[in-house]
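Trainee: Shown below is the structure under consideration.
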Amino acid sequence: QVHAASFGSSCKVFPCLFRIPFAGSDAADVYLDLFGWGRGSVLVNGFNLGRYDVTQKPQRTMFIPKELMNGKEDTLVIFEMMSAPNQPS
């Protein structure tokens, strides 16, 4: 069973889905800092960026090309399998 959490809330049971709205930039590439997260997958506006495993060094960031963001109402979805910070970064 997968649980859901919104931005700013914590998830007590894993795996968990986080849906995070953000105002992206259609003018610049950005990096997602995954410090405090564990292992999972990231989607931006429905596009699968890929899997991450912060427990395996040196991965801590994920590249988000500007072409994936519309610059208005972008959505980040994180499927976390192990742990998550209290406040998504």
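By order of appearance in the structure tokens: chains A, B, ..., then residues from 1 within every chain, and ligands from 1 in the order shown.
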Show me a table, sorted first by chain and then by increasing residue number, of the residues of stretch 8-39 of chain A having an atom at most 12 Å from stretch 46-50 of chain A, each with its shortest atom pair and the distance in Å to one decimal, counting only C-alpha atoms and written as a Markdown table.

Mentor:
```
| residue | atom | partner | partner_atom | distance |
| --- | --- | --- | --- | --- |
| A:Arg19 | CA | A:Gly46 | CA | 11.2 |
| A:Tyr31 | CA | A:Leu49 | CA | 11.4 |
| A:Leu32 | CA | A:Leu49 | CA | 10.6 |
| A:Arg39 | CA | A:Gly50 | CA | 11.1 |
```

Trainee: Atoms to include: C-alpha atoms. Write the selected residues as a CSV table (one decimal), in the first residue's frame.

Mentor:
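In the end it all went to part-v7.csv:
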```csv
chain,number,residue,atom,x,y,z
A,19,ARG,CA,3.1,15.8,-4.7
A,31,TYR,CA,19.0,20.7,-9.9
A,32,LEU,CA,16.8,19.0,-7.3
A,39,ARG,CA,15.5,5.8,-2.2
```

Trainee: Please provide the set of residues having any atom within 12 Å of A:Gly24, restricted to only C-alpha atoms, with same-chain residues fewer than 4 positions apart removed, written as a list in words.

Mentor: Ile20, Ala28, Asp29, Val30, Tyr31, Leu32, Val44, Asn45, Ile64, Pro65, Lys66, Glu67, Leu68, Met69, Asn70, Gly71, Lys72, Glu73, Asp74, Thr75 and Leu76 of chain A

Trainee: As an MDAnalysis selection string, list the residues of chain A assigned to strand (DSSP E) by DSSP on the backbone atoms of this structure.

Mentor: chainID A and resid 3:6 16:22 30:33 39:44 47:53 61:64 74:80

Trainee: Here is a test: counting only C-alpha atoms, which residue of A:Ile78, A:Leu34, A:Val13, A:Leu43 is nearest to A:Gln59?

Mentor: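 Distance minimum relative to A:Gln59 lands on A:Leu34.
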